[in-house]
Amino acid sequence: MTDIAYKPEPALGGWRRFSSAEPALAATGVMMLIMMLPTTLALLIEVRTVNGINPWIKPLKFQFSLAAYTLTLVLFARYLPVGLLETRWYRRFMTAVVFAIFAEMAWIMAASASGHGSHFYEEGLIWIALYPLMGLFAVLLTSTTTVFAWHIWKNQSADLSPAVKSGVVIGLALTLPATCITAGYLAGNGGHWVGGTPSDASGLAFFGWARDGGDLRVAHFFATHAMHFIPAFAVLSALIFGAKNRLPVYGASIAFAALIAITFVQAINGQPFLGFLG
Amino acid sequence: MAENWFSIANMAALVGWLLLLASPFIPRLADLYAALVAPCLFAAAYVALILVYFSSSQGAFSTLAGVARVFEVPELLLAGWLHYLAFDLFVGAWIVRTARKENISFPLIFPCLFFTFLFGPVGYLLFTGLRVARGNRLWAAEPGVSR
């Protein structure tokens with residue numbers, strides 16, 4: 001290496017260091033967070049309702065969720081093999097993923113701006129045609145978890161303890177299939193309510209899940225957040241049961257998969273999640 | 001409601017213009033507010049108004065009469081006004097920054113700012129004329145990079 005080619009690595013701190021692991025997803029996450037400001041203002045001045053609630057609650061939830069999703073992936077991206085981000089297929093894949101994320105957001109916001117729901121809205125040819133397309137985009141953007149799971153698993157030089165690595169890989173690997181099953185059923189159901197009142201007006205605090213019948217969004221929530229719950233448990237487990245002990249992580253993964261299955265079946269049977277809360 | 005927010009927005013813009021007038025003494029604060037904070041706040045409010053009220057309009061952008069119908073909705077008229085406020089102030093801040101970089105004395109840009117404030121494009125045209133008269137390069141790929 002010549003003197004001219006040598007450049008000392010600049011000391012990156014805080015956000016710049018964090019985002020450098022996956023700059024495209026980091027930027028997407030920040031843009032989702034920034035969009036929460038005008039969406040909150042819209043929520044405050046809105047007078048219409050969709051399914052009994054303010055139409056801007058849903059876009060706000062999605063902006064927050066997609067920010068959490070992309071920024072979590074940025075957190076995991078540091079354990080991807082070196083050089084993966086520069087490969088051609090990965091760059092094309094990530095371009096498609098980022099496009100899909102913005103398309104979903106544009107779709108949901110345009111539906112709210114038009115004063116109707118985005119999912120299960122069956123009037124107007126464009127909206128009917130867009131729905132299955134948005135389903136495909138949702139699968140595409142969620143498939144990032146599978147790509148990450150595979151490459152982190154294969155990465156022998158990832159700076160991760162065995163317990164945390166298995167938690168990250170299992171959590172990421174579980175996210176796409178579990179989401180496809182729960183969200184796929186939800187899409188085919190024609191609405192997230194099973195029995196009960198088809199309104200979101202008196203849902204569970206913050207989440208809005210139905211209290212007088214089944215709500216298919218519960219299982220979808222746990223399925224999609226496998227990538228958060230299982231790695232988070234693995235970090236705790238490494239501290240409590242030891243960093244080389246994978247067994248607690250395996251146990252927790254099975255228990256979490258069971259939780260997804262139970263909440264899924266519960267909703268299909270028309271029972272509310274945590275019904276005793278009233 | 002639209003009338004109240006109109007007044008608040010005008011005040012917020014006026015603060016920006018006053019800061020630009022005081023920019024020789026407080027350049028950082030003037031830049032921060034007039035080029036970033038105020039335009040972003042206007043933009044957020046603009047987006048919110050468009051999201052909530054655009055679908056209620058019968059207008060269209062394909063004809064001038066259609067555009068006029070868009071602005072029949074007071075909230076969309078307010079959105080249009082915020083657009084003016086945001087971009088005029090942004091251009092004002094750009095004039096101040098560019099003048100500072102090109103060592104144009106502040107009294108010379110005062111009329112440019114005054115007209116940008118009142119009749120946006122007039123001020124921009126004046127400032128461009130001023131730069132032509134001084135023989136400054138009007139466009140460049142990057143500052144400091146020679147073509």
# chains A, B, ... in the order shown; residues from 1 in each chain; ligands from 1

$ interface_residues --of "chain A" --to "chain B" --cutoff "10 Å" --atoms "only C-alpha atoms" --output "VMD selection string"
chain A and resid 34 to 48 55 to 56 109 to 115

$ write_last_selection --atoms "N, CA and C atoms" --output "CSV table (one decimal), in the first residue's frame"
chain,number,residue,atom,x,y,z
A,34,ILE,N,-39.3,11.5,10.6
A,34,ILE,CA,-39.5,12.9,10.2
A,34,ILE,C,-41.0,13.0,9.7
A,35,MET,N,-41.5,12.0,9.0
A,35,MET,CA,-42.9,12.1,8.5
A,35,MET,C,-43.9,12.1,9.6
A,36,MET,N,-43.5,11.6,10.8
A,36,MET,CA,-44.4,11.6,11.9
A,36,MET,C,-44.8,13.0,12.3
A,37,LEU,N,-44.0,14.0,12.1
A,37,LEU,CA,-44.3,15.4,12.5
A,37,LEU,C,-45.5,15.9,11.7
A,38,PRO,N,-45.5,16.0,10.3
A,38,PRO,CA,-46.7,16.4,9.6
A,38,PRO,C,-47.9,15.5,9.8
A,39,THR,N,-47.6,14.2,10.0
A,39,THR,CA,-48.8,13.3,10.2
A,39,THR,C,-49.5,13.6,11.5
A,40,THR,N,-48.6,13.9,12.6
A,40,THR,CA,-49.2,14.3,13.9
A,40,THR,C,-50.0,15.6,13.7
A,41,LEU,N,-49.5,16.5,13.0
A,41,LEU,CA,-50.3,17.8,12.7
A,41,LEU,C,-51.6,17.4,12.0
A,42,ALA,N,-51.5,16.6,11.0
A,42,ALA,CA,-52.8,16.2,10.3
A,42,ALA,C,-53.8,15.6,11.3
A,43,LEU,N,-53.2,14.7,12.2
A,43,LEU,CA,-54.1,14.1,13.2
A,43,LEU,C,-54.8,15.1,14.1
A,44,LEU,N,-54.1,16.2,14.4
A,44,LEU,CA,-54.6,17.2,15.3
A,44,LEU,C,-55.7,18.0,14.6
A,45,ILE,N,-55.6,18.2,13.3
A,45,ILE,CA,-56.6,19.1,12.6
A,45,ILE,C,-57.7,18.3,11.9
A,46,GLU,N,-57.6,17.0,11.8
A,46,GLU,CA,-58.5,16.1,11.1
A,46,GLU,C,-59.9,16.1,11.8
A,47,VAL,N,-60.9,16.1,10.9
A,47,VAL,CA,-62.3,16.0,11.5
A,47,VAL,C,-63.0,14.8,11.0
A,48,ARG,N,-62.5,14.0,10.0
A,48,ARG,CA,-63.1,12.8,9.5
A,48,ARG,C,-62.7,11.6,10.4
A,55,PRO,N,-58.3,9.0,11.0
A,55,PRO,CA,-57.6,8.3,9.9
A,55,PRO,C,-56.0,8.4,10.0
A,56,TRP,N,-55.5,9.3,10.8
A,56,TRP,CA,-54.1,9.5,10.8
A,56,TRP,C,-53.4,8.6,11.9
A,109,MET,N,-50.9,6.6,3.4
A,109,MET,CA,-51.1,8.1,3.6
A,109,MET,C,-52.2,8.6,2.6
A,110,ALA,N,-52.0,8.1,1.3
A,110,ALA,CA,-53.0,8.6,0.3
A,110,ALA,C,-54.4,8.1,0.6
A,111,ALA,N,-54.5,6.9,1.2
A,111,ALA,CA,-55.8,6.3,1.5
A,111,ALA,C,-56.4,7.2,2.7
A,112,SER,N,-55.6,7.5,3.7
A,112,SER,CA,-56.1,8.3,4.8
A,112,SER,C,-56.5,9.7,4.3
A,113,ALA,N,-55.6,10.3,3.4
A,113,ALA,CA,-55.9,11.6,2.8
A,113,ALA,C,-57.3,11.6,2.1
A,114,SER,N,-57.6,10.5,1.4
A,114,SER,CA,-58.8,10.4,0.7
A,114,SER,C,-60.0,10.1,1.6
A,115,GLY,N,-59.7,9.9,2.9
A,115,GLY,CA,-60.8,9.7,3.9
A,115,GLY,C,-61.3,8.3,3.9

$ select_by_dssp --residues "range 3-146 of chain B" --states "alpha helix (DSSP H)" --output "number ranges by chain"
B: 3-21, 27-31, 38-53, 64-70, 74-101, 106-119, 121-133

$ write_last_selection --atoms "C-alpha atoms" --output "compact mmCIF listing (two decimals), in the first residue's frame"
# COMPACT_ATOMS: atom_id res chain seq x y z
CA GLU B 3 -57.44 32.48 9.85
CA ASN B 4 -55.66 31.98 13.20
CA TRP B 5 -52.95 29.79 11.69
CA PHE B 6 -52.52 32.31 8.89
CA SER B 7 -51.68 34.99 11.48
CA ILE B 8 -49.34 32.69 13.41
CA ALA B 9 -47.52 31.66 10.22
CA ASN B 10 -47.10 35.30 9.16
CA MET B 11 -45.58 36.12 12.53
CA ALA B 12 -43.21 33.15 12.26
CA ALA B 13 -42.11 34.28 8.79
CA LEU B 14 -41.67 37.87 9.94
CA VAL B 15 -39.34 36.69 12.70
CA GLY B 16 -37.26 34.99 10.00
CA TRP B 17 -37.05 38.14 7.91
CA LEU B 18 -36.05 40.24 10.95
CA LEU B 19 -33.34 37.71 11.76
CA LEU B 20 -32.08 37.96 8.16
CA LEU B 21 -31.92 41.74 8.53
CA PRO B 27 -25.26 34.94 11.08
CA ARG B 28 -25.58 31.47 12.67
CA LEU B 29 -28.91 32.10 14.32
CA ALA B 30 -30.31 33.77 11.18
CA ASP B 31 -29.21 30.84 8.99
CA ALA B 38 -38.93 27.99 9.80
CA PRO B 39 -39.09 26.37 6.32
CA CYS B 40 -39.29 22.92 7.94
CA LEU B 41 -42.11 24.00 10.25
CA PHE B 42 -43.98 25.56 7.32
CA ALA B 43 -43.38 22.39 5.31
CA ALA B 44 -44.77 20.17 8.08
CA ALA B 45 -47.88 22.33 8.42
CA TYR B 46 -48.24 22.41 4.63
CA VAL B 47 -48.08 18.62 4.37
CA ALA B 48 -50.64 18.23 7.16
CA LEU B 49 -53.07 20.61 5.43
CA ILE B 50 -52.65 18.87 2.08
CA LEU B 51 -53.15 15.44 3.68
CA VAL B 52 -56.34 16.44 5.44
CA TYR B 53 -58.00 18.83 2.98
CA LEU B 64 -56.09 27.59 -14.37
CA ALA B 65 -59.77 27.46 -13.43
CA GLY B 66 -59.08 24.12 -11.76
CA VAL B 67 -56.25 25.63 -9.72
CA ALA B 68 -58.57 28.48 -8.68
CA ARG B 69 -61.07 25.89 -7.42
CA VAL B 70 -58.35 24.25 -5.29
CA PRO B 74 -59.64 28.11 2.90
CA GLU B 75 -57.32 25.47 4.37
CA LEU B 76 -55.77 24.82 0.95
CA LEU B 77 -55.41 28.56 0.41
CA LEU B 78 -53.55 28.60 3.73
CA ALA B 79 -51.36 25.73 2.47
CA GLY B 80 -50.58 27.74 -0.66
CA TRP B 81 -49.71 30.74 1.49
CA LEU B 82 -47.37 28.59 3.65
CA HIS B 83 -45.69 27.50 0.42
CA TYR B 84 -44.97 31.17 -0.39
CA LEU B 85 -43.77 31.94 3.13
CA ALA B 86 -41.48 28.91 3.27
CA PHE B 87 -39.85 29.31 -0.12
CA ASP B 88 -39.55 33.12 0.01
CA LEU B 89 -37.81 32.90 3.37
CA PHE B 90 -35.59 30.09 2.11
CA VAL B 91 -34.56 32.20 -0.90
CA GLY B 92 -33.98 35.18 1.42
CA ALA B 93 -31.66 33.06 3.56
CA TRP B 94 -29.89 31.82 0.43
CA ILE B 95 -29.35 35.43 -0.73
CA VAL B 96 -27.82 36.32 2.63
CA ARG B 97 -25.53 33.26 2.60
CA THR B 98 -24.49 33.76 -1.01
CA ALA B 99 -23.78 37.47 -0.42
CA ARG B 100 -21.66 36.59 2.61
CA LYS B 101 -19.69 34.02 0.59
CA PHE B 106 -25.06 43.95 3.23
CA PRO B 107 -26.59 47.39 2.31
CA LEU B 108 -26.56 46.25 -1.34
CA ILE B 109 -28.65 43.16 -0.64
CA PHE B 110 -31.11 45.00 1.57
CA PRO B 111 -33.38 45.91 -1.40
CA CYS B 112 -33.12 42.31 -2.69
CA LEU B 113 -34.33 41.01 0.67
CA PHE B 114 -37.06 43.63 0.86
CA PHE B 115 -38.48 42.62 -2.53
CA THR B 116 -38.10 38.89 -1.87
CA PHE B 117 -40.15 39.45 1.26
CA LEU B 118 -42.93 41.31 -0.56
CA PHE B 119 -42.83 39.96 -4.14
CA PRO B 121 -39.31 36.60 -7.62
CA VAL B 122 -38.58 40.35 -7.87
CA GLY B 123 -35.97 40.06 -5.12
CA TYR B 124 -34.39 37.01 -6.71
CA LEU B 125 -34.14 38.80 -10.07
CA LEU B 126 -32.59 41.87 -8.41
CA PHE B 127 -30.00 39.77 -6.61
CA THR B 128 -29.13 37.89 -9.80
CA GLY B 129 -28.71 41.24 -11.57
CA LEU B 130 -26.46 42.41 -8.77
CA ARG B 131 -24.25 39.35 -9.14
CA VAL B 132 -24.11 39.77 -12.93
CA ALA B 133 -23.05 43.39 -12.45

$ select_by_dssp --residues "range 23-216 of chain A" --states "strand (DSSP E)" --output "PDB file with C-alpha atoms, in the first residue's frame"
ATOM      1  CA  TRP A 193     -62.132  -8.343  13.277  1.00  0.00           C
ATOM      2  CA  VAL A 194     -63.484 -11.830  13.966  1.00  0.00           C
ATOM      3  CA  GLY A 214     -60.991 -11.666  17.879  1.00  0.00           C
ATOM      4  CA  ASP A 215     -58.392  -9.340  16.332  1.00  0.00           C
TER       5      ASP A 215
END

$ decode --residues "range 80-135 of chain B" --atoms "C-alpha atoms" --output "PDB file, in the first residue's frame"
ATOM      1  CA  GLY B  80     -50.584  27.738  -0.660  1.00  0.00           C
ATOM      2  CA  TRP B  81     -49.706  30.739   1.488  1.00  0.00           C
ATOM      3  CA  LEU B  82     -47.375  28.591   3.650  1.00  0.00           C
ATOM      4  CA  HIS B  83     -45.688  27.497   0.424  1.00  0.00           C
ATOM      5  CA  TYR B  84     -44.971  31.169  -0.392  1.00  0.00           C
ATOM      6  CA  LEU B  85     -43.769  31.937   3.133  1.00  0.00           C
ATOM      7  CA  ALA B  86     -41.483  28.909   3.271  1.00  0.00           C
ATOM      8  CA  PHE B  87     -39.848  29.307  -0.123  1.00  0.00           C
ATOM      9  CA  ASP B  88     -39.548  33.117   0.009  1.00  0.00           C
ATOM     10  CA  LEU B  89     -37.813  32.900   3.373  1.00  0.00           C
ATOM     11  CA  PHE B  90     -35.589  30.093   2.111  1.00  0.00           C
ATOM     12  CA  VAL B  91     -34.560  32.200  -0.895  1.00  0.00           C
ATOM     13  CA  GLY B  92     -33.976  35.180   1.421  1.00  0.00           C
ATOM     14  CA  ALA B  93     -31.664  33.064   3.562  1.00  0.00           C
ATOM     15  CA  TRP B  94     -29.890  31.821   0.431  1.00  0.00           C
ATOM     16  CA  ILE B  95     -29.355  35.428  -0.729  1.00  0.00           C
ATOM     17  CA  VAL B  96     -27.816  36.316   2.632  1.00  0.00           C
ATOM     18  CA  ARG B  97     -25.531  33.262   2.596  1.00  0.00           C
ATOM     19  CA  THR B  98     -24.490  33.765  -1.013  1.00  0.00           C
ATOM     20  CA  ALA B  99     -23.782  37.470  -0.424  1.00  0.00           C
ATOM     21  CA  ARG B 100     -21.660  36.586   2.607  1.00  0.00           C
ATOM     22  CA  LYS B 101     -19.686  34.023   0.592  1.00  0.00           C
ATOM     23  CA  GLU B 102     -19.156  36.430  -2.310  1.00  0.00           C
ATOM     24  CA  ASN B 103     -18.334  39.416  -0.090  1.00  0.00           C
ATOM     25  CA  ILE B 104     -21.281  41.478  -1.297  1.00  0.00           C
ATOM     26  CA  SER B 105     -21.875  44.230   1.245  1.00  0.00           C
ATOM     27  CA  PHE B 106     -25.064  43.948   3.234  1.00  0.00           C
ATOM     28  CA  PRO B 107     -26.587  47.386   2.306  1.00  0.00           C
ATOM     29  CA  LEU B 108     -26.561  46.245  -1.337  1.00  0.00           C
ATOM     30  CA  ILE B 109     -28.649  43.156  -0.638  1.00  0.00           C
ATOM     31  CA  PHE B 110     -31.113  45.002   1.566  1.00  0.00           C
ATOM     32  CA  PRO B 111     -33.385  45.909  -1.404  1.00  0.00           C
ATOM     33  CA  CYS B 112     -33.117  42.314  -2.686  1.00  0.00           C
ATOM     34  CA  LEU B 113     -34.330  41.010   0.669  1.00  0.00           C
ATOM     35  CA  PHE B 114     -37.056  43.635   0.856  1.00  0.00           C
ATOM     36  CA  PHE B 115     -38.481  42.620  -2.526  1.00  0.00           C
ATOM     37  CA  THR B 116     -38.096  38.894  -1.872  1.00  0.00           C
ATOM     38  CA  PHE B 117     -40.147  39.446   1.263  1.00  0.00           C
ATOM     39  CA  LEU B 118     -42.925  41.308  -0.557  1.00  0.00           C
ATOM     40  CA  PHE B 119     -42.826  39.961  -4.138  1.00  0.00           C
ATOM     41  CA  GLY B 120     -40.568  36.879  -4.020  1.00  0.00           C
ATOM     42  CA  PRO B 121     -39.307  36.604  -7.616  1.00  0.00           C
ATOM     43  CA  VAL B 122     -38.579  40.350  -7.874  1.00  0.00           C
ATOM     44  CA  GLY B 123     -35.966  40.061  -5.125  1.00  0.00           C
ATOM     45  CA  TYR B 124     -34.394  37.007  -6.709  1.00  0.00           C
ATOM     46  CA  LEU B 125     -34.145  38.796 -10.066  1.00  0.00           C
ATOM     47  CA  LEU B 126     -32.586  41.870  -8.411  1.00  0.00           C
ATOM     48  CA  PHE B 127     -29.996  39.772  -6.611  1.00  0.00           C
ATOM     49  CA  THR B 128     -29.129  37.890  -9.796  1.00  0.00           C
ATOM     50  CA  GLY B 129     -28.713  41.237 -11.571  1.00  0.00           C
ATOM     51  CA  LEU B 130     -26.464  42.411  -8.767  1.00  0.00           C
ATOM     52  CA  ARG B 131     -24.254  39.351  -9.143  1.00  0.00           C
ATOM     53  CA  VAL B 132     -24.114  39.769 -12.931  1.00  0.00           C
ATOM     54  CA  ALA B 133     -23.052  43.387 -12.449  1.00  0.00           C
ATOM     55  CA  ARG B 134     -20.260  42.279 -10.115  1.00  0.00           C
ATOM     56  CA  GLY B 135     -19.100  39.647 -12.583  1.00  0.00           C
TER      57      GLY B 135
END
